[in-house]
>>> print(open('protein-v3.cif').read())   # mmCIF, C-alpha atoms
data_coords
loop_
_atom_site.label_atom_id
_atom_site.label_comp_id
_atom_site.auth_asym_id
_atom_site.auth_seq_id
_atom_site.Cartn_x
_atom_site.Cartn_y
_atom_site.Cartn_z
CA MET A 1 -21.97 26.75 -33.13
CA MET A 2 -24.52 27.22 -35.88
CA LYS A 3 -23.19 28.87 -38.99
CA LYS A 4 -25.53 29.95 -41.75
CA ILE A 5 -24.49 31.19 -45.16
CA ARG A 6 -25.55 34.83 -45.50
CA VAL A 7 -26.07 36.25 -48.97
CA LEU A 8 -26.67 39.83 -50.08
CA VAL A 9 -28.77 39.84 -53.24
CA ALA A 10 -28.41 43.23 -54.88
CA LYS A 11 -29.65 45.03 -57.97
CA PRO A 12 -27.02 47.55 -59.11
CA GLY A 13 -27.81 50.32 -61.55
CA LEU A 14 -31.04 51.56 -62.99
CA ASP A 15 -32.59 48.38 -64.33
CA GLY A 16 -35.88 47.74 -62.56
CA HIS A 17 -36.43 44.08 -63.33
CA ASP A 18 -36.01 42.05 -60.18
CA ARG A 19 -38.01 38.93 -60.84
CA GLY A 20 -34.83 36.93 -61.45
CA ALA A 21 -33.24 38.28 -58.28
CA LYS A 22 -36.33 37.30 -56.32
CA VAL A 23 -36.44 33.79 -57.79
CA VAL A 24 -32.80 33.25 -56.87
CA ALA A 25 -33.31 34.81 -53.41
CA ARG A 26 -36.15 32.42 -52.75
CA ALA A 27 -34.14 29.40 -53.92
CA LEU A 28 -31.26 30.35 -51.61
CA ARG A 29 -33.71 30.79 -48.73
CA ASP A 30 -35.13 27.34 -49.41
CA ALA A 31 -31.60 25.98 -49.35
CA GLY A 32 -31.31 27.21 -45.75
CA MET A 33 -29.39 30.44 -46.37
CA GLU A 34 -30.11 33.87 -44.94
CA VAL A 35 -30.76 36.17 -47.85
CA ILE A 36 -30.73 39.93 -47.49
CA TYR A 37 -32.39 41.60 -50.45
CA THR A 38 -31.41 45.23 -50.99
CA GLY A 39 -34.08 46.25 -53.47
CA LEU A 40 -33.51 48.13 -56.71
CA HIS A 41 -31.17 50.91 -57.84
CA GLN A 42 -28.14 50.25 -55.66
CA THR A 43 -24.78 51.93 -56.15
CA ALA A 44 -21.53 50.03 -55.56
CA ASP A 45 -21.11 52.05 -52.34
CA MET A 46 -24.51 50.99 -51.07
CA ILE A 47 -23.91 47.34 -51.93
CA VAL A 48 -20.49 47.15 -50.31
CA ASN A 49 -21.65 49.04 -47.21
CA SER A 50 -24.64 46.73 -46.84
CA ALA A 51 -22.40 43.69 -47.32
CA ILE A 52 -20.06 44.93 -44.57
CA GLN A 53 -22.84 45.66 -42.07
CA GLU A 54 -24.60 42.38 -42.79
CA ASP A 55 -21.27 40.49 -42.69
CA VAL A 56 -22.33 38.36 -45.66
CA ASP A 57 -20.41 35.43 -47.11
CA VAL A 58 -21.70 36.12 -50.61
CA ILE A 59 -22.76 39.06 -52.75
CA GLY A 60 -25.12 38.11 -55.57
CA LEU A 61 -25.51 40.77 -58.27
CA SER A 62 -28.37 40.74 -60.74
CA LEU A 63 -28.51 42.92 -63.81
CA LEU A 64 -30.46 42.74 -67.04
CA SER A 65 -29.59 46.07 -68.62
CA GLY A 66 -26.27 45.12 -70.16
CA ALA A 67 -24.16 47.35 -67.93
CA HIS A 68 -22.71 44.41 -66.01
CA MET A 69 -19.12 44.98 -67.17
CA THR A 70 -19.10 48.38 -65.48
CA LEU A 71 -21.43 47.87 -62.54
CA PHE A 72 -20.32 44.40 -61.42
CA THR A 73 -16.66 45.36 -61.54
CA ASP A 74 -17.40 48.59 -59.63
CA VAL A 75 -18.42 46.37 -56.75
CA THR A 76 -15.39 44.07 -56.88
CA ASN A 77 -13.05 47.06 -57.27
CA LEU A 78 -14.53 48.72 -54.20
CA LEU A 79 -14.20 45.48 -52.22
CA LYS A 80 -10.54 45.32 -53.22
CA GLU A 81 -10.04 48.96 -52.29
CA LYS A 82 -11.42 48.27 -48.83
CA GLY A 83 -9.24 45.18 -48.43
CA ILE A 84 -12.17 42.77 -48.27
CA ASP A 85 -11.21 39.40 -49.69
CA ASP A 86 -13.43 36.96 -47.82
CA ILE A 87 -16.68 37.63 -49.70
CA LEU A 88 -17.61 35.47 -52.68
CA VAL A 89 -19.08 37.58 -55.50
CA VAL A 90 -21.42 36.03 -58.06
CA GLY A 91 -23.53 37.65 -60.77
CA GLY A 92 -26.37 36.83 -63.07
CA GLY A 93 -28.49 38.28 -65.84
CA ILE A 94 -28.34 38.67 -69.61
CA ILE A 95 -24.60 38.17 -69.94
CA PRO A 96 -23.03 37.35 -73.32
CA GLU A 97 -20.63 34.43 -73.46
CA GLU A 98 -17.63 36.63 -74.26
CA ASP A 99 -18.14 38.71 -71.10
CA ILE A 100 -17.93 35.75 -68.74
CA ALA A 101 -14.14 35.32 -68.74
CA PRO A 102 -13.35 39.02 -68.11
CA LEU A 103 -15.97 39.12 -65.36
CA ARG A 104 -14.37 36.11 -63.67
CA GLU A 105 -11.02 37.81 -64.09
CA ALA A 106 -12.45 40.86 -62.29
CA GLY A 107 -13.49 38.80 -59.29
CA ILE A 108 -17.05 37.80 -60.13
CA THR A 109 -16.26 34.18 -59.47
CA GLY A 110 -19.60 32.74 -60.54
CA VAL A 111 -21.45 34.07 -63.59
CA PHE A 112 -24.91 32.70 -64.33
CA GLY A 113 -26.80 33.40 -67.53
CA PRO A 114 -30.39 32.66 -68.50
CA GLY A 115 -31.37 29.01 -68.13
CA THR A 116 -29.00 28.27 -65.24
CA PRO A 117 -30.68 25.70 -62.98
CA LEU A 118 -31.28 27.09 -59.47
CA GLU A 119 -29.60 24.06 -57.88
CA GLY A 120 -26.48 24.97 -59.85
CA ILE A 121 -26.34 28.38 -58.17
CA VAL A 122 -27.00 26.90 -54.73
CA ASP A 123 -24.28 24.27 -55.16
CA PHE A 124 -21.80 26.78 -56.53
CA ILE A 125 -22.29 29.03 -53.49
CA LYS A 126 -22.07 26.15 -51.03
CA GLY A 127 -18.88 24.93 -52.69
CA ASN A 128 -17.16 28.31 -52.97
CA VAL A 129 -17.88 30.36 -49.85
CA LYS A 130 -14.62 31.56 -48.42
CA ARG A 131 -15.24 31.11 -44.70
CA MET B 132 -11.19 38.07 -30.21
CA LYS B 133 -10.22 40.77 -27.74
CA ASP B 134 -8.82 42.78 -30.63
CA LEU B 135 -12.13 42.42 -32.44
CA ALA B 136 -13.98 43.68 -29.35
CA GLU B 137 -11.64 46.67 -29.10
CA ARG B 138 -12.14 47.55 -32.75
CA ALA B 139 -15.91 47.26 -32.32
CA VAL B 140 -15.83 49.60 -29.33
CA ALA B 141 -13.82 52.04 -31.43
CA GLY B 142 -16.70 52.03 -33.92
CA ASP B 143 -15.18 49.93 -36.73
CA ASP B 144 -18.18 48.70 -38.75
CA ARG B 145 -16.47 45.54 -39.95
CA ALA B 146 -15.57 44.50 -36.42
CA VAL B 147 -19.09 45.29 -35.22
CA ALA B 148 -20.55 43.21 -38.06
CA ARG B 149 -18.25 40.26 -37.42
CA LEU B 150 -19.00 40.26 -33.69
CA ILE B 151 -22.72 40.26 -34.45
CA THR B 152 -22.18 37.20 -36.65
CA TYR B 153 -20.38 35.47 -33.80
CA ALA B 154 -23.29 36.33 -31.51
CA GLU B 155 -25.78 34.90 -34.00
CA ASN B 156 -23.82 31.70 -34.47
CA GLY B 157 -22.94 31.20 -30.82
CA HIS B 158 -19.19 31.33 -31.53
CA PRO B 159 -17.15 29.69 -28.75
CA ASP B 160 -15.13 32.86 -28.07
CA LEU B 161 -18.18 35.14 -27.96
CA HIS B 162 -18.36 35.04 -24.18
CA GLU B 163 -14.91 36.57 -23.86
CA ALA B 164 -15.71 39.36 -26.32
CA MET B 165 -19.03 40.18 -24.68
CA ARG B 166 -17.31 40.38 -21.31
CA ALA B 167 -14.83 42.87 -22.72
CA ILE B 168 -17.61 44.93 -24.25
CA HIS B 169 -20.02 44.98 -21.35
CA CYS B 170 -18.45 47.95 -19.53
CA HIS B 171 -18.94 50.10 -22.65
CA GLY B 172 -22.68 49.44 -22.96
CA GLY B 173 -25.88 50.43 -21.19
CA LYS B 174 -25.93 53.99 -22.51
CA ALA B 175 -28.00 53.87 -25.68
CA GLN B 176 -31.68 54.64 -25.90
CA VAL B 177 -33.59 51.60 -27.16
CA ILE B 178 -36.72 52.04 -29.23
CA GLY B 179 -38.83 49.00 -30.10
CA ILE B 180 -41.11 48.99 -33.11
CA THR B 181 -43.71 46.29 -33.49
CA GLY B 182 -46.99 45.75 -35.28
CA VAL B 183 -48.77 43.62 -37.82
CA MET B 184 -47.03 42.75 -41.07
CA GLY B 185 -47.38 45.30 -43.80
CA ALA B 186 -48.05 48.12 -41.34
CA GLY B 187 -45.08 50.06 -42.68
CA LYS B 188 -42.66 49.35 -39.83
CA SER B 189 -39.51 49.35 -41.97
CA THR B 190 -40.41 52.58 -43.74
CA LEU B 191 -41.20 54.14 -40.38
CA VAL B 192 -37.87 52.95 -38.92
CA SER B 193 -36.11 54.56 -41.87
CA GLU B 194 -37.84 57.91 -41.30
CA ILE B 195 -37.31 57.84 -37.53
CA ALA B 196 -33.61 57.06 -38.07
CA LEU B 197 -33.26 60.01 -40.48
CA GLU B 198 -34.91 62.31 -37.95
CA TYR B 199 -32.51 61.19 -35.20
CA ARG B 200 -29.61 61.80 -37.58
CA LYS B 201 -30.86 65.36 -38.05
CA ARG B 202 -30.76 65.67 -34.29
CA GLY B 203 -27.11 64.59 -34.27
CA LYS B 204 -27.58 61.06 -32.98
CA LYS B 205 -25.83 57.93 -34.23
CA VAL B 206 -28.32 55.17 -34.93
CA GLY B 207 -28.15 51.38 -34.87
CA ILE B 208 -30.98 49.40 -36.43
CA ILE B 209 -31.81 45.75 -35.81
CA ALA B 210 -34.38 44.57 -38.33
CA ILE B 211 -35.82 41.14 -37.64
CA ASP B 212 -37.65 38.96 -40.15
CA PRO B 213 -38.84 35.38 -39.77
CA THR B 214 -36.63 32.36 -40.33
CA SER B 215 -38.37 29.52 -42.17
CA PRO B 216 -39.20 26.73 -39.74
CA PHE B 217 -38.89 24.33 -42.68
CA SER B 218 -35.60 25.18 -44.41
CA GLY B 219 -33.91 27.25 -41.71
CA GLY B 220 -33.37 29.91 -44.37
CA ALA B 221 -34.72 33.43 -44.35
CA LEU B 222 -35.48 36.25 -46.73
CA LEU B 223 -34.59 39.45 -44.93
CA GLY B 224 -36.18 42.33 -46.78
CA ASP B 225 -36.21 45.24 -44.37
CA ARG B 226 -33.29 46.93 -46.10
CA ILE B 227 -35.39 47.53 -49.18
CA ARG B 228 -37.17 50.35 -47.32
CA MET B 229 -33.95 51.62 -45.77
CA SER B 230 -31.89 52.24 -48.92
CA ARG B 231 -31.49 55.91 -48.07
CA LEU B 232 -29.65 55.00 -44.87
CA THR B 233 -27.00 52.67 -46.26
CA ILE B 234 -24.26 55.16 -47.06
CA ASP B 235 -24.57 57.22 -43.89
CA PRO B 236 -21.59 56.31 -41.67
CA GLY B 237 -23.68 57.32 -38.63
CA ILE B 238 -26.14 54.48 -39.22
CA PHE B 239 -25.55 50.75 -38.87
CA ILE B 240 -28.26 48.35 -40.04
CA ARG B 241 -28.30 44.65 -39.35
CA SER B 242 -30.96 42.29 -40.70
CA MET B 243 -31.57 39.22 -38.59
CA GLY B 244 -33.63 36.05 -38.89
CA THR B 245 -35.60 34.83 -35.88
CA ARG B 246 -33.71 31.50 -36.02
CA GLY B 247 -36.34 29.55 -34.13
CA MET B 248 -37.15 32.15 -31.50
CA LEU B 249 -40.80 33.00 -30.94
CA GLY B 250 -42.08 36.26 -29.49
CA GLY B 251 -41.08 38.54 -32.37
CA LEU B 252 -37.35 38.79 -31.59
CA THR B 253 -34.25 36.69 -32.20
CA GLY B 254 -32.04 34.97 -29.63
CA ALA B 255 -28.96 37.09 -30.25
CA VAL B 256 -30.78 40.42 -29.99
CA TYR B 257 -29.39 41.19 -26.52
CA ASP B 258 -25.82 40.71 -27.67
CA VAL B 259 -26.39 42.75 -30.80
CA MET B 260 -27.89 45.61 -28.80
CA GLU B 261 -24.92 45.55 -26.47
CA ILE B 262 -22.45 45.50 -29.36
CA LEU B 263 -24.15 48.44 -31.13
CA ASP B 264 -24.40 50.31 -27.85
CA ALA B 265 -20.72 49.76 -27.05
CA SER B 266 -19.76 50.85 -30.59
CA GLY B 267 -21.14 54.30 -29.85
CA LYS B 268 -24.69 54.29 -31.19
CA ASP B 269 -26.86 56.74 -29.25
CA VAL B 270 -30.15 55.30 -30.38
CA ILE B 271 -30.92 51.65 -31.17
CA ILE B 272 -34.09 50.84 -33.05
CA VAL B 273 -35.30 47.26 -32.92
CA GLU B 274 -37.89 46.30 -35.49
CA THR B 275 -39.69 43.04 -34.68
CA VAL B 276 -41.12 40.62 -37.18
CA GLY B 277 -44.69 41.35 -38.23
CA VAL B 278 -46.57 40.17 -35.15
CA GLY B 279 -50.00 38.81 -34.35
CA GLN B 280 -51.50 39.15 -30.91
CA ALA B 281 -49.15 37.63 -28.43
CA GLU B 282 -45.62 38.37 -29.62
CA VAL B 283 -44.77 40.96 -27.02
CA ASP B 284 -41.13 40.17 -26.13
CA ILE B 285 -40.08 43.58 -27.41
CA ILE B 286 -41.04 45.16 -24.08
CA LYS B 287 -38.28 43.15 -22.41
CA ILE B 288 -35.64 45.08 -24.30
CA ALA B 289 -37.04 48.47 -25.33
CA ASP B 290 -37.20 51.65 -23.27
CA THR B 291 -39.97 52.89 -25.51
CA THR B 292 -42.23 50.53 -27.43
CA LEU B 293 -44.11 51.74 -30.48
CA VAL B 294 -47.05 49.68 -31.70
CA VAL B 295 -47.75 50.42 -35.36
CA ILE B 296 -51.18 49.86 -36.82
CA VAL B 297 -52.89 50.92 -40.00
CA PRO B 298 -56.40 52.05 -40.83
CA GLY B 299 -58.68 50.20 -43.14
CA LEU B 300 -58.19 46.68 -41.81
CA GLY B 301 -61.61 46.80 -40.20
CA ASP B 302 -60.92 44.33 -37.47
CA SER B 303 -57.40 45.49 -36.77
CA VAL B 304 -58.33 47.04 -33.46
CA GLN B 305 -60.07 43.86 -32.41
CA ALA B 306 -57.03 41.89 -33.39
CA ILE B 307 -54.68 43.87 -31.20
CA LYS B 308 -56.75 44.55 -28.14
CA ALA B 309 -55.52 41.59 -26.09
CA GLY B 310 -51.70 41.43 -26.25
CA LEU B 311 -50.36 44.30 -28.29
CA MET B 312 -52.80 46.84 -26.87
CA GLU B 313 -51.17 46.50 -23.49
CA ILE B 314 -47.53 47.03 -24.44
CA ALA B 315 -47.59 50.31 -26.36
CA ASP B 316 -45.85 53.32 -24.88
CA ILE B 317 -46.90 55.10 -28.05
CA PHE B 318 -49.46 54.03 -30.63
CA VAL B 319 -48.60 54.90 -34.20
CA VAL B 320 -51.36 54.86 -36.77
CA ASN B 321 -49.33 54.71 -39.94
CA LYS B 322 -50.51 55.18 -43.52
CA ALA B 323 -52.43 58.24 -42.39
CA ASP B 324 -52.80 59.09 -46.07
CA THR B 325 -55.34 56.28 -46.46
CA PRO B 326 -59.07 56.65 -45.73
CA GLY B 327 -60.40 55.54 -42.36
CA ILE B 328 -57.62 57.17 -40.33
CA GLU B 329 -59.95 59.21 -38.09
CA ARG B 330 -62.00 56.19 -37.17
CA THR B 331 -58.98 54.06 -36.32
CA MET B 332 -57.51 56.88 -34.21
CA ALA B 333 -60.83 57.32 -32.39
CA GLU B 334 -61.18 53.60 -31.72
CA ILE B 335 -57.73 53.35 -30.20
CA GLU B 336 -58.16 56.51 -28.18
CA SER B 337 -61.42 55.25 -26.75
CA MET B 338 -59.81 51.95 -25.84
CA ILE B 339 -57.02 53.79 -24.06
CA ASP B 340 -59.61 55.88 -22.22
CA LEU B 341 -61.25 52.72 -20.89
CA GLY B 342 -58.12 51.80 -18.98
CA TYR B 343 -57.12 55.29 -17.96
CA ARG B 344 -56.82 56.25 -14.29
CA PRO B 345 -56.05 59.78 -13.07
CA GLY B 346 -52.36 60.34 -12.46
CA MET B 347 -51.32 57.78 -15.08
CA ARG B 348 -49.31 58.63 -18.16
CA LYS B 349 -51.74 58.53 -21.04
CA THR B 350 -50.53 56.55 -24.06
CA PRO B 351 -50.31 58.97 -26.98
CA VAL B 352 -51.76 58.05 -30.36
CA MET B 353 -49.74 59.51 -33.24
CA ALA B 354 -50.74 59.62 -36.89
CA THR B 355 -47.93 59.21 -39.41
CA SER B 356 -47.45 58.68 -43.08
CA ALA B 357 -43.97 57.22 -43.29
CA ARG B 358 -44.14 57.20 -47.06
CA GLU B 359 -44.97 60.90 -47.23
CA CYS B 360 -42.71 61.71 -44.25
CA ARG B 361 -45.62 63.19 -42.30
CA GLY B 362 -45.88 63.14 -38.52
CA ILE B 363 -42.30 61.91 -38.07
CA ILE B 364 -40.93 64.94 -36.20
CA GLU B 365 -43.91 64.83 -33.84
CA LEU B 366 -43.42 61.09 -33.35
CA VAL B 367 -39.75 61.47 -32.45
CA ASP B 368 -40.69 64.32 -30.07
CA SER B 369 -43.18 61.95 -28.49
CA ILE B 370 -40.52 59.21 -28.12
CA GLN B 371 -38.21 61.74 -26.44
CA GLU B 372 -41.05 62.84 -24.16
CA HIS B 373 -41.48 59.23 -23.07
CA ARG B 374 -37.76 58.95 -22.52
CA PHE B 375 -37.91 62.10 -20.37
CA PHE B 376 -40.85 60.63 -18.47
CA LEU B 377 -38.80 57.50 -17.71
CA GLU B 378 -35.81 59.58 -16.64
CA SER B 379 -37.76 61.98 -14.45
CA SER B 380 -39.84 59.26 -12.81
CA GLY B 381 -36.63 57.40 -12.01
CA SER B 382 -37.78 54.22 -13.74
CA LEU B 383 -35.11 54.10 -16.46
CA PRO B 384 -32.69 51.96 -14.42
CA ASP B 385 -35.54 49.47 -13.93
CA TYR B 386 -35.71 49.03 -17.67
CA LEU B 387 -32.03 48.21 -17.91
CA ARG B 388 -32.35 45.78 -14.97
CA LYS B 389 -35.33 44.15 -16.65
CA ARG B 390 -33.33 43.79 -19.85
CA TYR B 391 -30.39 42.19 -18.05
CA GLU B 392 -32.77 39.81 -16.31
CA ALA B 393 -34.35 38.79 -19.61
CA GLU B 394 -30.88 38.34 -21.07
CA ILE B 395 -29.75 36.04 -18.25
CA VAL B 396 -32.93 34.01 -18.66
CA GLU B 397 -32.31 33.79 -22.39
CA ILE B 398 -28.69 32.67 -21.97
CA ILE B 399 -29.67 30.00 -19.46
CA HIS B 400 -32.56 28.89 -21.64
CA LYS B 401 -30.28 28.57 -24.66
CA ARG B 402 -27.62 26.66 -22.72
CA LEU B 403 -30.10 24.27 -21.16
CA MET B 404 -31.84 23.55 -24.44
CA THR B 405 -28.52 22.90 -26.15
CA MET B 406 -27.49 20.67 -23.28
CA ILE B 407 -30.69 18.63 -23.34
CA PHE B 408 -31.33 18.39 -27.06
CA ASP B 409 -27.92 18.70 -28.71
CA GLU B 410 -25.27 17.36 -26.40
CA LYS B 411 -24.56 13.68 -26.60
CA VAL B 412 -25.30 12.57 -23.07
CA PHE B 413 -28.81 13.92 -22.91
CA LYS B 414 -29.69 13.51 -26.55
CA GLU B 415 -29.60 9.75 -26.18
CA LYS B 416 -31.59 9.89 -22.97
CA VAL B 417 -34.25 12.12 -24.55
CA LYS B 418 -34.49 9.77 -27.50
CA GLY B 419 -34.98 6.83 -25.14
CA LEU B 420 -37.63 8.67 -23.19
CA ILE B 421 -39.51 9.58 -26.34
CA SER B 422 -39.75 5.96 -27.44
CA ARG B 423 -40.92 5.01 -23.94
CA ILE B 424 -43.63 7.69 -24.20
CA GLU B 425 -44.57 6.22 -27.56
CA THR B 426 -45.06 2.76 -26.09
CA LYS B 427 -46.98 4.25 -23.15
CA GLU B 428 -44.41 3.05 -20.65
CA THR B 429 -44.13 6.60 -19.43
CA ASP B 430 -45.70 10.00 -20.14
CA PRO B 431 -44.31 13.45 -21.07
CA TYR B 432 -44.60 14.78 -17.50
CA SER B 433 -42.69 11.89 -16.00
CA ALA B 434 -40.11 12.08 -18.77
CA ALA B 435 -39.56 15.78 -18.07
CA GLU B 436 -39.22 15.01 -14.35
CA GLU B 437 -36.58 12.44 -15.12
CA ILE B 438 -34.53 14.87 -17.23
CA LEU B 439 -34.83 17.63 -14.63
CA ALA B 440 -33.79 15.25 -11.85
CA GLU B 441 -30.67 14.37 -13.80
CA LEU B 442 -29.90 18.02 -14.56
CA LEU B 443 -30.26 19.10 -10.96
CA LYS B 444 -28.14 16.26 -9.64
#
>>> encode(input="protein-v3.cif", output="structure tokens")
Amino acid sequence: MMKKIRVLVAKPGLDGHDRGAKVVARALRDAGMEVIYTGLHQTADMIVNSAIQEDVDVIGLSLLSGAHMTLFTDVTNLLKEKGIDDILVVGGGIIPEEDIAPLREAGITGVFGPGTPLEGIVDFIKGNVKR
Amino acid sequence: MKDLAERAVAGDDRAVARLITYAENGHPDLHEAMRAIHCHGGKAQVIGITGVMGAGKSTLVSEIALEYRKRGKKVGIIAIDPTSPFSGGALLGDRIRMSRLTIDPGIFIRSMGTRGMLGGLTGAVYDVMEILDASGKDVIIVETVGVGQAEVDIIKIADTTLVVIVPGLGDSVQAIKAGLMEIADIFVVNKADTPGIERTMAEIESMIDLGYRPGMRKTPVMATSARECRGIIELVDSIQEHRFFLESSGSLPDYLRKRYEAEIVEIIHKRLMTMIFDEKVFKEKVKGLISRIETKETDPYSAAEEILAELLK
């Protein structure tokens, strides 16, 4: 049996900057993962639906607009609502230090700010996938 | 596993998705689930979409799916992108063009990597088609990777094969005339909003004319602009006309038989390859043979004979 880690890389909200998301997507690909990139302007509904259909192990959220507290937690709340607890959720972007703890609290297990080495993200995912 | 199969047949997206994962990974219990599902399949219409990369296949799939939704059909989409032969990873980007479809409960999209399979498809595609079919999808659209000249496996699984090309590539018609030219049930010249469309249409039509014999079905050439949603209704009409042609000529069951045959071949192929290259007994033998080929004690043909002799014992 050949299991591959599948990751949905998603851009919630209206921010149109996806260079970071693409850099991370590429690094995960090079680490042997299957990365599904949703493109820009995704709602929580779209992200969770895509994650269900793609049966991903990980959802990676990228946001640079500052709305992460609302938009990231929208996703984890919807996952909870649907009874999905086997998907690891991580997020990255311009995230102030003081937001990290509440985000973790809300189910965004890994939070990566600017300057995070790509290997760090890869290792975190490999070490924390839930199935 | 049986419970999962039952939920999938009832149309539960999460069960469908999980089963597809098992099919992709070759889960040990997959066989049992597929056996349970088989009697619910074989009903859906399968549309294959292939063509060079950047031709607009994903955008076209999105528009075709929306049109089928308007016609009351439930749609399953299998979007295949290449797996890296180096890292084994993949970047599956077909969803980017399908954003509008993601919250429609009547549409299920699955992105898949080729995972080492050549020919434009992926090894698990048969299982995935069967799962989507059994879950109640009326139409299944399979989008191949961006292909070159010889990746024509799509015809093994599709009732109707669309070959998508674009104007303005100059040599594009040359590039497709050998392999792809022969497999189209419908030619789609996409990006009809770009200059050069008439010439590309004329070139393809004249190529079709060269091979035309009276009494044959003539391959239609349709112009579309997926981005501007032009020509889509006509294209779907044309797909349905082809479907009607298959039904009325009585050849539809042949397609299903052909698909089952290809599936059996694929399963056997997969099993044999695993047996020879992954399982302990043979792995060692293959290794030994390779070093003997290296030292010129034997040659690849004789080595293959030796493995086959052992297999057929």
>>> interface_residues(input="protein-v3.cif", of="chain A", to="chain B", cutoff="8 Å", atoms="only C-alpha atoms", output="list in words")
Met1, Met2, Lys3, Lys4, Ala25, Arg26, Leu28, Arg29, Asp30, Ala31, Gly32, Met33, Glu34, Val35, Ile36, Tyr37, Thr38, Gly39, Leu40, Gln42, Asp45, Met46, Asn49, Ser50, Ile52, Gln53, Glu54 and Asp55 of chain A
>>> resolve_selection(input="protein-v3.cif", expression="the PyMOL selection byres ((chain A and resi 119-125) around 12)", output="PyMOL selection string")
chain A and resi 5-7+23-33+57-60+87-92+109-118+126-131
>>> atom_distance(input="protein-v3.cif", atom1="CA of Ile208 in chain B", atom2="CA of Leu263 in chain B")
8.7 Å
>>> closest_residue(input="protein-v3.cif", among="B:Asp258, B:Asp430, B:Asp409, B:Glu359", to="Gly173 in chain B", atoms="only C-alpha atoms")
B:Asp258
>>> resolve_selection(input="protein-v3.cif", expression="the PyMOL selection byres ((chain B and resi 338-343) around 12)", output="PDB file with C-alpha atoms, in the frame of the given file")
ATOM      1  CA  VAL B 304     -58.330  47.040 -33.460  1.00  0.00           C
ATOM      2  CA  GLN B 305     -60.070  43.860 -32.410  1.00  0.00           C
ATOM      3  CA  ILE B 307     -54.680  43.870 -31.200  1.00  0.00           C
ATOM      4  CA  LYS B 308     -56.750  44.550 -28.140  1.00  0.00           C
ATOM      5  CA  ALA B 309     -55.520  41.590 -26.090  1.00  0.00           C
ATOM      6  CA  MET B 312     -52.800  46.840 -26.870  1.00  0.00           C
ATOM      7  CA  GLU B 313     -51.170  46.500 -23.490  1.00  0.00           C
ATOM      8  CA  ILE B 314     -47.530  47.030 -24.440  1.00  0.00           C
ATOM      9  CA  ALA B 315     -47.590  50.310 -26.360  1.00  0.00           C
ATOM     10  CA  ASP B 316     -45.850  53.320 -24.880  1.00  0.00           C
ATOM     11  CA  ILE B 317     -46.900  55.100 -28.050  1.00  0.00           C
ATOM     12  CA  PHE B 318     -49.460  54.030 -30.630  1.00  0.00           C
ATOM     13  CA  THR B 331     -58.980  54.060 -36.320  1.00  0.00           C
ATOM     14  CA  MET B 332     -57.510  56.880 -34.210  1.00  0.00           C
ATOM     15  CA  ALA B 333     -60.830  57.320 -32.390  1.00  0.00           C
ATOM     16  CA  GLU B 334     -61.180  53.600 -31.720  1.00  0.00           C
ATOM     17  CA  ILE B 335     -57.730  53.350 -30.200  1.00  0.00           C
ATOM     18  CA  GLU B 336     -58.160  56.510 -28.180  1.00  0.00           C
ATOM     19  CA  SER B 337     -61.420  55.250 -26.750  1.00  0.00           C
ATOM     20  CA  ARG B 344     -56.820  56.250 -14.290  1.00  0.00           C
ATOM     21  CA  PRO B 345     -56.050  59.780 -13.070  1.00  0.00           C
ATOM     22  CA  GLY B 346     -52.360  60.340 -12.460  1.00  0.00           C
ATOM     23  CA  MET B 347     -51.320  57.780 -15.080  1.00  0.00           C
ATOM     24  CA  ARG B 348     -49.310  58.630 -18.160  1.00  0.00           C
ATOM     25  CA  LYS B 349     -51.740  58.530 -21.040  1.00  0.00           C
ATOM     26  CA  THR B 350     -50.530  56.550 -24.060  1.00  0.00           C
ATOM     27  CA  PRO B 351     -50.310  58.970 -26.980  1.00  0.00           C
ATOM     28  CA  VAL B 352     -51.760  58.050 -30.360  1.00  0.00           C
TER      29      VAL B 352
END
>>> resolve_selection(input="protein-v3.cif", expression="the PyMOL selection byres ((chain B and resi 163) around 12)", output="CSV table (one decimal) with C-alpha atoms, in the frame of the given file")
chain,number,residue,atom,x,y,z
B,132,MET,CA,-11.2,38.1,-30.2
B,133,LYS,CA,-10.2,40.8,-27.7
B,134,ASP,CA,-8.8,42.8,-30.6
B,135,LEU,CA,-12.1,42.4,-32.4
B,136,ALA,CA,-14.0,43.7,-29.4
B,137,GLU,CA,-11.6,46.7,-29.1
B,150,LEU,CA,-19.0,40.3,-33.7
B,153,TYR,CA,-20.4,35.5,-33.8
B,154,ALA,CA,-23.3,36.3,-31.5
B,157,GLY,CA,-22.9,31.2,-30.8
B,158,HIS,CA,-19.2,31.3,-31.5
B,159,PRO,CA,-17.2,29.7,-28.8
B,160,ASP,CA,-15.1,32.9,-28.1
B,161,LEU,CA,-18.2,35.1,-28.0
B,162,HIS,CA,-18.4,35.0,-24.2
B,164,ALA,CA,-15.7,39.4,-26.3
B,165,MET,CA,-19.0,40.2,-24.7
B,166,ARG,CA,-17.3,40.4,-21.3
B,167,ALA,CA,-14.8,42.9,-22.7
B,168,ILE,CA,-17.6,44.9,-24.2
B,169,HIS,CA,-20.0,45.0,-21.4
>>> atom_distance(input="protein-v3.cif", atom1="CA of Tyr257 in chain B", atom2="CA of Val396 in chain B")
11.2 Å
>>> residues_around(input="protein-v3.cif", residues="range 64-78 of chain A", least_positions_apart="6", cutoff="7 Å", atoms="all atoms listed in the file", output="list in words")
Pro12, Gly13, Asp15, Ala44, Val48, Gly93, Ile94, Leu103, Ala106 and Gly107 of chain A
>>> residues_around(input="protein-v3.cif", residues="Met248 in chain B", least_positions_apart="3", cutoff="12 Å", atoms="all atoms listed in the file", output="list in words")
Glu155, Ile211, Asp212, Pro213, Thr214, Ser215, Pro216, Gly219, Met243, Gly244, Thr245, Gly251, Leu252, Thr253, Gly254, Ala255, Val256, Thr275, Val276, Glu282, Asp284, Glu397, His400 and Lys401 of chain B
